[in-house]
Amino acid sequence: MGGFLCFHGFHRIFNFVIGDPLKRLSLCIFWMLVICASILCFYKISKDDKTERILLRKYYHLVAVLMFVPALAFQPEFLDLAFGAALAVFLTLEIIRVWRIWPLGQLVHQFMNAFTDHRDSDILIVSHFSLLLGCALPEWLSLRYNDRPLAPFAGILSLGIGDTMASMVGHKYGVLRWSKTGRKTIEGTVAGIASVLAVCFVLVPHLASTGYLLIENWMPLIVAATVSGLLEAYTEQLDNAFIPLVFYSLLCL
C-alpha cells in the first residue's frame, strides 16, 4: 500500500512537471545551473579568510532572489512544489552532516560551517532552513489572493533584497549605530528599506497586469517596508523566519 501511494505521488508530480514542459523543465535547468555555479563560487569564497562571514551568508540571499523571483512571477504553482522539495533536500543534507554519513557528511559539514553564525547551535545549522521558509511561507499563505499581488514576494523582498542590502551597506558604510552594543546601523536600515521599495517599483508594472494593484497601495507598501526594516534592525534571533511573516501580514492589511 505504501509503495503504491509513493508511486502514485511521484506519478502526479511527474505529470505536473510535464504539464508545461517548456517553462518548467527550463526552470529546472536554470535552477541546476545556478546551484552548481553557486556551490563553486561559495566554496572559493569560503576559503578566503578576508571575506567577512556576514557577507558570506548574504550571498545565499542573493542566490534566493535569482532563483525564486522568476519562478514566483511566471510559475508560482511549480515554485510551491519546488519549495517543498528543497526543504526535503535540506533536511536530508542536515541529517547527513550531523551524523557524518560517509561519503558526504564531513564535506557537507565543512562547507556549511563556513556560513554559520551565533544563531546556529553546535549541533544544528538552522539558518538555511529559516531562509528557505522565510521565502516560502508568504507564497504558501497567499493562496493566489490576487488582491494582494506583492504578498507572495514578501519573503524574497524582505530577506533577499532588504536584509541583504542592509547588511552590505551597513557593514561597508555604516557609521551611526542603532545601539551602543549592536552592530546594525541606521545607514544599513535606510538602504534596506529603499532597496525593497525600488524593487517593488520594478515589480509593479508586471503585477499591475492582474488588474488589482492600484496606485493608492503605495502608502501601505511604504509603511510595511519601513516597519519591517526597523524590526530587522532590532531583531537578532531567526529574523529570516520572523521578518517575512511581519512584512506579509502588513501587505495583507
# chains A, B, ... in the order shown; residues from 1 in each chain; ligands from 1

$ residues_around --residues "segment 88-100 of chain A" --least-positions-apart "2" --cutoff "10 Å" --atoms "only C-alpha atoms" --output "list in words"
Ala82, Phe83, Gly84, Ala85, Ala86, Trp102, Pro103, Leu104, Gly105, Gln106, Leu107, Val108, His109, Gln110, Phe111, Met112, Asp122, Ile123, Leu124, Ile125, Val126, His128, Phe129 and Leu132 of chain A

$ write_last_selection --atoms "N, CA and C atoms" --output "compact mmCIF listing (two decimals), in the first residue's frame"
# COMPACT_ATOMS: atom_id res chain seq x y z
N ALA A 82 8.51 23.14 -5.65
CA ALA A 82 9.97 23.19 -5.53
C ALA A 82 10.40 23.55 -4.11
N PHE A 83 9.65 24.45 -3.46
CA PHE A 83 9.97 24.80 -2.07
C PHE A 83 9.90 23.56 -1.17
N GLY A 84 8.86 22.76 -1.34
CA GLY A 84 8.73 21.55 -0.54
C GLY A 84 9.86 20.57 -0.81
N ALA A 85 10.22 20.41 -2.08
CA ALA A 85 11.33 19.52 -2.43
C ALA A 85 12.65 20.03 -1.86
N ALA A 86 12.85 21.34 -1.89
CA ALA A 86 14.09 21.91 -1.36
C ALA A 86 14.19 21.70 0.15
N TRP A 102 29.09 8.86 5.66
CA TRP A 102 30.06 8.76 4.56
C TRP A 102 29.31 8.55 3.24
N PRO A 103 29.75 9.16 2.14
CA PRO A 103 31.00 9.91 1.97
C PRO A 103 30.82 11.43 2.01
N LEU A 104 29.59 11.91 2.21
CA LEU A 104 29.34 13.35 2.09
C LEU A 104 29.32 14.09 3.42
N GLY A 105 29.21 13.36 4.53
CA GLY A 105 28.99 14.00 5.81
C GLY A 105 30.01 15.06 6.17
N GLN A 106 31.28 14.71 6.14
CA GLN A 106 32.32 15.65 6.53
C GLN A 106 32.44 16.80 5.54
N LEU A 107 32.28 16.49 4.26
CA LEU A 107 32.37 17.52 3.23
C LEU A 107 31.25 18.55 3.38
N VAL A 108 30.03 18.07 3.60
CA VAL A 108 28.90 18.97 3.80
C VAL A 108 29.10 19.81 5.06
N HIS A 109 29.62 19.19 6.12
CA HIS A 109 29.86 19.91 7.37
C HIS A 109 30.86 21.04 7.17
N GLN A 110 31.96 20.76 6.51
CA GLN A 110 32.97 21.78 6.28
C GLN A 110 32.43 22.93 5.43
N PHE A 111 31.63 22.58 4.44
CA PHE A 111 31.06 23.61 3.56
C PHE A 111 30.07 24.48 4.32
N MET A 112 29.14 23.86 5.06
CA MET A 112 28.11 24.62 5.75
C MET A 112 28.66 25.40 6.93
N ASP A 122 25.58 24.29 18.20
CA ASP A 122 26.74 23.45 17.93
C ASP A 122 26.37 22.20 17.14
N ILE A 123 25.10 21.82 17.21
CA ILE A 123 24.66 20.59 16.54
C ILE A 123 23.94 20.89 15.24
N LEU A 124 22.93 21.74 15.31
CA LEU A 124 22.09 22.01 14.14
C LEU A 124 22.41 23.36 13.52
N ILE A 125 22.39 23.39 12.20
CA ILE A 125 22.51 24.64 11.44
C ILE A 125 21.13 24.93 10.86
N VAL A 126 20.49 25.96 11.39
CA VAL A 126 19.10 26.23 11.03
C VAL A 126 18.93 27.44 10.12
N HIS A 128 19.87 28.11 7.08
CA HIS A 128 19.43 27.86 5.70
C HIS A 128 17.97 27.41 5.66
N PHE A 129 17.52 26.69 6.72
CA PHE A 129 16.10 26.34 6.80
C PHE A 129 15.25 27.60 6.95
N LEU A 132 14.95 29.55 3.66
CA LEU A 132 14.03 28.92 2.71
C LEU A 132 12.59 29.06 3.17

$ residues_around --residues "Leu176 of chain A" --least-positions-apart "5" --cutoff "10 Å" --atoms "only C-alpha atoms" --output "short mmCIF file (atom, residue, chain, number, x, y, z; two decimals) with N, CA and C atoms, in the first residue's frame"
data_model
loop_
_atom_site.label_atom_id
_atom_site.label_comp_id
_atom_site.auth_asym_id
_atom_site.auth_seq_id
_atom_site.Cartn_x
_atom_site.Cartn_y
_atom_site.Cartn_z
N GLY A 170 25.39 48.54 5.53
CA GLY A 170 25.74 48.83 6.92
C GLY A 170 27.15 48.39 7.27
N ARG A 183 25.37 45.85 16.22
CA ARG A 183 26.18 46.04 15.02
C ARG A 183 25.40 46.70 13.89
N LYS A 184 24.08 46.73 13.99
CA LYS A 184 23.27 47.23 12.89
C LYS A 184 23.24 48.76 12.90
N THR A 185 23.26 49.32 11.69
CA THR A 185 23.40 50.76 11.55
C THR A 185 22.17 51.38 10.90
N ILE A 186 22.03 52.68 11.12
CA ILE A 186 20.93 53.42 10.51
C ILE A 186 21.09 53.46 8.99
N GLU A 187 22.32 53.63 8.53
CA GLU A 187 22.57 53.66 7.08
C GLU A 187 22.13 52.34 6.42
N GLY A 188 22.44 51.23 7.08
CA GLY A 188 22.05 49.94 6.54
C GLY A 188 20.54 49.77 6.49
#

$ select_by_dssp --residues "segment 7-230 of chain A" --states "alpha helix (DSSP H)" --output "PyMOL selection string"
chain A and resi 7-17+21-46+53-74+76-98+105-113+127-142+154-155+164-173+186-207+218-230

$ atom_distance --atom1 "atom CA of Gly192 of chain A" --atom2 "atom CA of Tyr43 of chain A"
26.9 Å

$ closest_residue --among "A:Cys41, A:Ile54, A:Leu197, A:Met67" --to "Thr226 of chain A" --atoms "only C-alpha atoms"
A:Leu197

$ closest_residue --among "A:Ala233, A:Ala208, A:Ile156, A:Ala71" --to "Ala191 of chain A" --atoms "only C-alpha atoms"
A:Ala233

$ closest_residue --among "A:Val190, A:Leu81, A:Leu157, A:Trp31" --to "Tyr173 of chain A" --atoms "only C-alpha atoms"
A:Val190

$ atom_distance --atom1 "atom CA of Val196 of chain A" --atom2 "atom CA of Ile35 of chain A"
24.4 Å

$ closest_residue --among "A:Thr189, A:Thr181, A:Thr116, A:Asn240" --to "Leu131 of chain A" --atoms "only C-alpha atoms"
A:Asn240

$ atom_distance --atom1 "atom CA of Ala224 of chain A" --atom2 "atom CA of Leu251 of chain A"
6.3 Å
